[in-house]
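J.: Structure file entry39.txt, compact mmCIF, C-alpha atoms, is pasted below:
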# COMPACT_ATOMS: atom_id res chain seq x y z
CA MET A 365 0.00 0.00 0.00
CA MET A 366 1.26 3.48 -0.88
CA GLU A 367 2.28 5.61 2.10
CA ILE A 368 1.07 9.21 2.33
CA LYS A 369 3.13 11.58 4.45
CA PHE A 370 2.20 15.04 5.67
CA TYR A 371 4.49 18.02 6.30
CA VAL A 372 4.03 21.55 7.59
CA PRO A 373 6.06 24.61 6.60
CA ARG A 374 8.31 26.63 8.84
CA TRP A 375 6.85 29.60 6.93
CA GLY A 376 4.19 31.12 9.12
CA ASN A 377 5.66 29.55 12.27
CA ARG A 378 8.87 31.55 12.60
CA HIS A 379 7.70 33.20 15.82
CA SER A 380 8.36 29.88 17.57
CA THR A 381 11.79 28.60 18.53
CA TRP A 382 12.95 25.49 16.69
CA LEU A 383 12.47 23.47 19.86
CA ALA A 384 8.89 24.62 20.44
CA PHE A 385 7.98 24.41 16.76
CA LEU A 386 9.28 20.89 16.17
CA GLU A 387 7.75 19.55 19.38
CA LYS A 388 4.42 21.01 18.25
CA VAL A 389 4.86 19.48 14.78
CA LYS A 390 5.56 16.07 16.31
CA GLN A 391 2.58 16.25 18.66
CA ALA A 392 0.30 17.23 15.77
CA GLY A 393 1.17 14.03 13.92
CA TYR A 394 3.08 15.44 10.96
CA ASP A 395 5.86 13.39 9.39
CA GLY A 396 8.14 16.39 9.06
CA ILE A 397 8.57 19.96 7.88
CA GLU A 398 9.30 21.90 4.71
CA ALA A 399 11.81 24.70 5.28
CA ASN A 400 14.76 26.55 3.86
CA LEU A 401 18.20 26.07 5.40
CA PRO A 402 19.04 28.79 7.94
CA ALA A 403 22.00 30.96 6.95
CA ASP A 404 23.29 31.03 10.54
CA GLN A 405 25.42 27.94 11.15
CA GLU A 406 24.41 27.59 14.79
CA GLU A 407 20.69 27.77 13.94
CA ARG A 408 21.25 25.32 11.07
CA GLU A 409 22.84 22.78 13.39
CA GLU A 410 20.07 23.29 15.94
CA MET A 411 17.39 22.64 13.31
CA LEU A 412 19.01 19.47 12.00
CA THR A 413 19.74 18.15 15.50
CA LEU A 414 16.19 18.74 16.73
CA LEU A 415 14.68 17.20 13.58
CA LYS A 416 16.66 14.03 14.24
CA ALA A 417 15.78 14.04 17.95
CA ASN A 418 12.07 14.30 17.13
CA GLN A 419 12.31 11.72 14.31
CA LEU A 420 10.97 14.23 11.80
CA GLU A 421 11.83 14.45 8.11
CA TRP A 422 12.90 17.61 6.33
CA ILE A 423 12.00 18.78 2.84
CA GLY A 424 14.51 21.44 1.79
CA GLN A 425 12.96 24.58 0.37
CA HIS A 426 14.61 27.07 -1.96
CA PHE A 427 13.02 30.45 -2.54
CA GLU A 428 15.73 32.98 -1.68
CA THR A 429 17.24 33.55 -5.14
CA THR A 430 15.42 36.67 -6.33
CA THR A 431 18.14 38.73 -8.05
CA ALA A 432 16.98 40.20 -11.37
CA ASP A 433 20.46 40.17 -12.94
CA PHE A 434 20.64 36.74 -14.56
CA VAL A 435 24.37 36.11 -14.17
CA ALA A 436 24.26 36.86 -10.45
CA HIS A 437 20.98 34.98 -10.14
CA ALA A 438 22.44 31.81 -11.67
CA GLN A 439 25.47 31.94 -9.37
CA GLN A 440 23.32 32.42 -6.28
CA TYR A 441 20.91 29.69 -7.38
CA GLU A 442 23.74 27.18 -7.82
CA PHE A 443 25.25 28.07 -4.44
CA ARG A 444 21.95 27.71 -2.58
CA LEU A 445 21.03 24.39 -4.18
CA TYR A 446 24.46 22.94 -3.35
CA ASP A 447 24.13 24.25 0.19
CA LEU A 448 20.76 22.54 0.61
CA ALA A 449 21.87 19.31 -1.03
CA VAL A 450 24.90 18.93 1.23
CA ALA A 451 22.56 18.97 4.25
CA LYS A 452 20.74 15.93 2.79
CA PRO A 453 17.04 16.79 2.91
CA LEU A 454 14.42 14.27 1.82
CA PHE A 455 14.39 16.27 -1.43
CA ILE A 456 14.57 19.92 -2.46
CA ASN A 457 11.52 21.92 -3.52
CA SER A 458 12.76 24.85 -5.59
CA GLN A 459 11.04 28.04 -6.69
CA THR A 460 13.08 28.36 -9.87
CA GLY A 461 13.74 31.21 -12.28
CA LYS A 462 11.71 34.28 -13.12
CA ASP A 463 8.63 34.81 -15.25
CA PHE A 464 10.50 37.65 -17.00
CA PHE A 465 13.64 35.64 -17.72
CA SER A 466 13.87 34.31 -21.26
CA GLN A 467 13.17 30.65 -21.91
CA THR A 468 16.88 30.20 -22.61
CA GLN A 469 17.77 31.65 -19.22
CA ASN A 470 15.24 29.54 -17.32
CA VAL A 471 16.47 26.48 -19.22
CA GLN A 472 19.98 27.20 -17.93
CA LEU A 473 18.71 27.28 -14.35
CA ILE A 474 16.88 23.97 -14.74
CA GLU A 475 20.06 22.49 -16.20
CA ILE A 476 21.96 23.68 -13.12
CA ALA A 477 19.41 21.94 -10.91
CA GLU A 478 19.63 18.71 -12.94
CA ARG A 479 23.41 18.71 -12.71
CA ILE A 480 23.42 19.30 -8.95
CA SER A 481 20.81 16.59 -8.45
CA LYS A 482 22.92 14.07 -10.36
CA GLU A 483 26.10 15.06 -8.53
CA THR A 484 24.61 14.93 -5.04
CA GLY A 485 21.92 12.27 -5.40
CA VAL A 486 19.31 14.67 -3.98
CA THR A 487 16.10 15.02 -6.00
CA ILE A 488 15.21 18.60 -6.94
CA LEU A 489 11.59 19.41 -7.74
CA HIS A 490 10.35 22.70 -9.19
CA GLU A 491 7.28 24.34 -7.68
CA THR A 492 4.46 25.77 -9.79
CA HIS A 493 4.62 29.31 -8.48
CA ARG A 494 3.79 32.87 -9.50
CA GLY A 495 6.77 34.87 -10.67
CA LYS A 496 8.83 31.77 -11.57
CA PHE A 497 9.35 29.84 -14.83
CA SER A 498 6.30 27.79 -13.82
CA PHE A 499 3.96 30.73 -13.25
CA CYS A 500 1.20 29.40 -15.54
CA THR A 501 0.14 26.23 -17.35
CA SER A 502 1.45 27.02 -20.83
CA SER A 503 4.81 28.30 -19.61
CA THR A 504 5.31 25.17 -17.51
CA ALA A 505 4.33 22.89 -20.41
CA PHE A 506 7.23 24.24 -22.49
CA TYR A 507 9.77 23.16 -19.87
CA LEU A 508 8.08 19.81 -19.29
CA ASP A 509 8.49 19.11 -23.00
CA LYS A 510 12.08 20.34 -22.95
CA PHE A 511 13.08 18.25 -19.91
CA PRO A 512 11.60 14.72 -19.88
CA ASP A 513 12.89 14.12 -16.34
CA LEU A 514 11.66 17.41 -14.85
CA LYS A 515 9.46 16.80 -11.80
CA LEU A 516 7.11 19.27 -10.14
CA THR A 517 5.83 20.31 -6.78
CA ALA A 518 2.23 21.14 -7.64
CA ASP A 519 0.79 24.22 -6.00
CA PHE A 520 -2.11 24.97 -8.29
CA SER A 521 -3.39 27.76 -6.03
CA HIS A 522 -0.89 29.99 -7.85
CA TRP A 523 -2.26 29.08 -11.26
CA CYS A 524 -5.84 29.90 -10.16
CA CYS A 525 -4.64 33.34 -9.17
CA VAL A 526 -2.66 33.94 -12.39
CA ALA A 527 -5.40 32.63 -14.69
CA GLU A 528 -8.24 34.20 -12.68
CA SER A 529 -10.13 30.93 -13.01
CA TYR A 530 -10.26 27.35 -11.81
CA LEU A 531 -8.43 26.38 -15.02
CA GLN A 532 -11.56 24.80 -16.51
CA ASP A 533 -10.39 25.68 -20.03
CA GLN A 534 -6.85 24.38 -19.43
CA ARG A 535 -7.55 20.82 -18.30
CA GLU A 536 -5.12 19.18 -20.72
CA LEU A 537 -2.24 21.36 -19.52
CA VAL A 538 -3.16 20.81 -15.86
CA TRP A 539 -3.22 17.05 -16.37
CA LYS A 540 0.16 17.24 -18.08
CA ALA A 541 1.55 18.89 -14.94
CA ILE A 542 -0.17 16.31 -12.73
CA SER A 543 1.58 13.53 -14.64
CA ARG A 544 4.93 15.05 -13.65
CA THR A 545 4.06 15.89 -10.04
CA GLN A 546 5.97 14.21 -7.24
CA HIS A 547 4.94 16.40 -4.27
CA PHE A 548 2.12 18.86 -3.71
CA HIS A 549 1.06 21.73 -1.49
CA CYS A 550 -2.55 21.47 -0.34
CA ARG A 551 -3.33 25.17 -0.27
CA VAL A 552 -6.64 26.28 -1.79
CA GLY A 553 -6.54 29.27 -4.11
CA TYR A 554 -9.27 31.05 -6.04
CA PRO A 555 -9.49 33.35 -9.09
CA GLY A 556 -8.76 36.42 -6.96
CA GLY A 557 -5.83 35.12 -4.93
CA PRO A 558 -3.62 32.21 -3.87
CA GLN A 559 -5.36 31.43 -0.57
CA VAL A 560 -8.96 31.35 0.64
CA ASN A 561 -9.50 32.56 4.20
CA HIS A 562 -10.72 29.13 5.39
CA PRO A 563 -11.19 26.05 3.18
CA ALA A 564 -13.96 24.68 5.43
CA ALA A 565 -16.19 27.71 4.87
CA PRO A 566 -19.22 26.90 2.68
CA GLU A 567 -18.55 29.86 0.40
CA TRP A 568 -15.29 28.17 -0.67
CA LYS A 569 -16.85 24.77 -1.45
CA GLU A 570 -16.30 25.22 -5.19
CA ALA A 571 -12.66 26.23 -4.75
CA LEU A 572 -11.95 23.27 -2.47
CA GLY A 573 -13.72 20.95 -4.90
CA PHE A 574 -11.50 21.90 -7.83
CA HIS A 575 -8.35 21.43 -5.77
CA LEU A 576 -9.53 18.07 -4.44
CA GLU A 577 -10.10 16.93 -8.02
CA TRP A 578 -6.48 17.82 -8.89
CA TRP A 579 -5.06 16.24 -5.73
CA ASP A 580 -7.12 13.09 -6.29
CA ALA A 581 -5.63 12.86 -9.78
CA ILE A 582 -2.09 13.20 -8.38
CA ILE A 583 -2.73 10.41 -5.86
CA GLN A 584 -4.28 8.20 -8.55
CA HIS A 585 -1.37 8.79 -10.91
CA GLN A 586 1.11 7.86 -8.19
CA LEU A 587 -0.87 4.71 -7.39
CA GLU A 588 -0.91 3.69 -11.05
CA ASN A 589 2.85 4.20 -11.20
CA LYS A 590 3.32 2.10 -8.04
CA ALA A 591 4.93 4.90 -6.05
CA LYS A 592 5.96 3.86 -2.56
CA SER A 593 4.90 7.16 -1.02
CA VAL A 594 3.37 10.57 -1.71
CA THR A 595 4.39 13.68 0.22
CA ILE A 596 1.99 16.53 0.95
CA THR A 597 2.76 19.86 2.61
CA CYS A 598 -0.16 21.63 4.28
CA GLU A 599 0.97 25.07 3.22
CA PHE A 600 -1.55 27.73 4.13
CA GLY A 601 0.61 30.74 4.88
CA PRO A 602 0.68 34.01 6.84
CA PHE A 603 -0.06 37.55 5.63
CA PRO A 604 -0.26 38.57 2.81
CA TYR A 605 -1.59 35.11 1.93
CA MET A 606 -3.75 35.09 5.06
CA GLN A 607 -6.17 38.01 4.89
CA GLN A 608 -6.28 40.38 7.85
CA LEU A 609 -8.91 42.58 9.42
CA PRO A 610 -8.32 46.24 8.61
CA PHE A 611 -6.65 48.44 11.23
CA THR A 612 -6.17 45.63 13.80
CA GLN A 613 -4.21 43.41 11.40
CA GLU A 614 -5.74 40.37 13.07
CA PRO A 615 -5.70 37.26 10.83
CA LEU A 616 -9.14 36.07 9.71
CA SER A 617 -8.37 32.46 10.63
CA SER A 618 -5.85 30.43 12.63
CA LEU A 619 -3.07 29.36 10.29
CA TRP A 620 -2.11 26.37 12.42
CA ASP A 621 -5.72 25.17 12.66
CA ILE A 622 -6.29 25.49 8.91
CA ASN A 623 -3.25 23.35 8.12
CA LEU A 624 -4.43 20.77 10.66
CA PHE A 625 -7.85 20.82 8.99
CA MET A 626 -6.25 20.12 5.61
CA LYS A 627 -4.20 17.26 7.04
CA ALA A 628 -7.25 15.68 8.65
CA LEU A 629 -9.35 16.13 5.50
CA LEU A 630 -6.80 14.48 3.21
CA LYS A 631 -5.92 11.72 5.69
CA GLU A 632 -9.57 10.75 5.85
CA ARG A 633 -9.84 10.96 2.06
CA TYR A 634 -6.73 8.97 1.15
CA LEU A 635 -5.86 6.68 4.05
Could you render the structure as structure tokens?

T.:
Amino acid sequence: MMEIKFYVPRWGNRHSTWLAFLEKVKQAGYDGIEANLPADQEEREEMLTLLKANQLEWIGQHFETTTADFVAHAQQYEFRLYDLAVAKPLFINSQTGKDFFSQTQNVQLIEIAERISKETGVTILHETHRGKFSFCTSSTAFYLDKFPDLKLTADFSHWCCVAESYLQDQRELVWKAISRTQHFHCRVGYPGGPQVNHPAAPEWKEALGFHLEWWDAIIQHQLENKAKSVTITCEFGPFPYMQQLPFTQEPLSSLWDINLFMKALLKERYL
């Protein structure tokens, strides 16, 4: 039977110490976390030590390379991926490239990732994300055709926001991405943004339904391909993803509770 594992991001939980955060993650029944590698060496060692002590897995996350100058961007991207790979995460989820880089430039970045993955033995996935090479369905399809071994982290909430739809008229392209998905983020987006204020609210039933259809297809594809496991990060995030009340800046919903809701919903659905 295929194993399904659930992770929670450090993003949105940075107010907690690593000790408090990871103990909370363990108690909540997650299999691990998705996080970038701290730049501070002492904090880095603390994170890795506490993960091991709590028997939690770590998905490495890359998002820091934002430089607009391509030459500098490529150098920084290579450095950060090597840095992550040396720390031996379960795999690396990378937000790669820029939507305004040329296809040739984004191709060069994907080639860097492929080379580092082969050299280190650490799988590198590329997240479907606004502002990156994978910002929409058609852009992503080009790179999937160019790189037969390219694998995705599916976060289709971004595509809903970019396309201002639930991608009803792009089903073939969405299913192409699903066929190359190895990990996914279960955040629910909508045509006006990348995150609803609470996926359990009845007004977001349609949005949740579309995302469940995509996630079901990912699970089914992995089953058909006899995958040993599927990894899911419950990745509802803080402001500006989480809407706030005006003036008080109070979040409309509890971020921690929403991610627990998503974990419980998908565990009941798939296990």

J.: Any idea what the distance is between atom CA of Ile456 of chain A and atom CA of His490 of chain A?

T.: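 Between atom CA of Ile456 of chain A and atom CA of His490 of chain A the gap works out to 8.4 Å.
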
J.: Any idea what the distance is between atom CA of Asn400 of chain A and atom CA of Arg444 of chain A?

T.: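 Rounded to one decimal, the two atoms are 9.7 Å apart.
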
J.: So the first atom is atom CA of Leu489 of chain A and the second is atom CA of Ile582 of chain A; what is the distance between them in Å, to one decimal place?

T.: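 Going from atom CA of Leu489 of chain A over to atom CA of Ile582 of chain A covers 15.0 Å.
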
J.: Check the smallest atom-to-atom distance from each of A:Lys452, A:His437, A:His585, A:His575 to Gln472 of chain A using all atoms listed in the file, then report the winner.

T.: A:His437

J.: For a quick check of your reading of the model, name the residues lying within 9 Å of the coordinate (4.1, 17.5, -11.8), counting all atoms listed in the file, and write them as a list in words.

T.: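 With a cut-off of 9 Å, the residues come to Leu489, His490, Glu491, Thr492, Leu508, Leu514, Lys515, Leu516, Thr517, Ala518, Val538, Trp539, Lys540, Ala541, Ile542, Ser543, Arg544, Thr545, Gln546, His547, Phe548 and Ile582 of chain A.
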
J.: Mind checking which residues fall within 9 Å of Phe455 of chain A, counting all atoms listed in the file, ignoring those fewer than 5 positions away in the same chain, and posting them as a PyMOL selection string?

T.: chain A and resi 422-425+449+486-489

J.: Between A:Met366, A:Ala565, A:Leu448, A:Val552, which one has atoms that come closest to Ser521 of chain A, using all atoms listed in the file?

T.: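 Checking each of A:Met366, A:Ala565, A:Leu448, A:Val552 against Ser521 of chain A, counting all atoms listed in the file, the winner is A:Val552.
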
J.: Applying 9 Å and only C-alpha atoms, which residues near segment 597-603 of chain A remain after dropping the ones on its own chain fewer than 2 positions away? List them as a PyMOL selection string.

T.: chain A and resi 369-373+375-377+397-398+547-552+559-560+595+605-608+615+619-620+622-624+626-627

J.: Looking at A:Leu414, A:Phe443, A:Glu567, A:Phe625, which one is nearest to Thr381 of chain A, with distances taken over all atoms listed in the file?

T.: A:Leu414

J.: Around the point (3.9, 7.6, 0.9), in the coordinates given by the file, pick out the residues reaching within 6 Å, counting all atoms listed in the file, and return them as a list in words.

T.: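 Those residues, ordered by chain and then number, are Met366, Glu367, Ile368, Lys369, Lys592, Ser593 and Val594 of chain A.
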
J.: Could the residues in this selection be saved with C-alpha atoms as a PDB file, in the frame of the given file?

T.:
ATOM      1  CA  MET A 366       1.260   3.480  -0.880  1.00  0.00           C
ATOM      2  CA  GLU A 367       2.280   5.610   2.100  1.00  0.00           C
ATOM      3  CA  ILE A 368       1.070   9.210   2.330  1.00  0.00           C
ATOM      4  CA  LYS A 369       3.130  11.580   4.450  1.00  0.00           C
ATOM      5  CA  LYS A 592       5.960   3.860  -2.560  1.00  0.00           C
ATOM      6  CA  SER A 593       4.900   7.160  -1.020  1.00  0.00           C
ATOM      7  CA  VAL A 594       3.370  10.570  -1.710  1.00  0.00           C
TER       8      VAL A 594
END

J.: Any chance you could tabulate, as CSV, the residues of segment 416-515 of chain A at most 9 Å from segment 408-412 of chain A with each one's nearest atom pair and distance in Å to one decimal, using all atoms listed in the file, in chain and rising number order?

T.:
residue,atom,partner,partner_atom,distance
A:Lys416,CA,A:Leu412,CA,6.3
A:Ala417,CA,A:Leu412,CA,8.7
A:Trp422,CA,A:Leu412,CA,8.5
A:Ala451,CA,A:Leu412,CA,8.5

J.: Find the residue from A:Val526, A:Val389, A:Val450, A:Leu587 that sits nearest to Asn418 of chain A; use only C-alpha atoms when measuring.

T.: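 Result for the nearest residue to Asn418 of chain A: A:Val389.
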
J.: Hey, which of A:Glu536, A:Tyr554, A:Glu407, A:Arg374 ends up closest to Trp523 of chain A? Count only C-alpha atoms.

T.: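 Going through A:Glu536, A:Tyr554, A:Glu407, A:Arg374 one by one, the smallest distance to Trp523 of chain A is for A:Tyr554.
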
J.: Given the choices A:Tyr530, A:His522, A:Pro512, A:Thr460, which gets closest to Phe497 of chain A if the distance is worked out from all atoms listed in the file?

T.: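 Smallest distance to Phe497 of chain A is found for A:Thr460.
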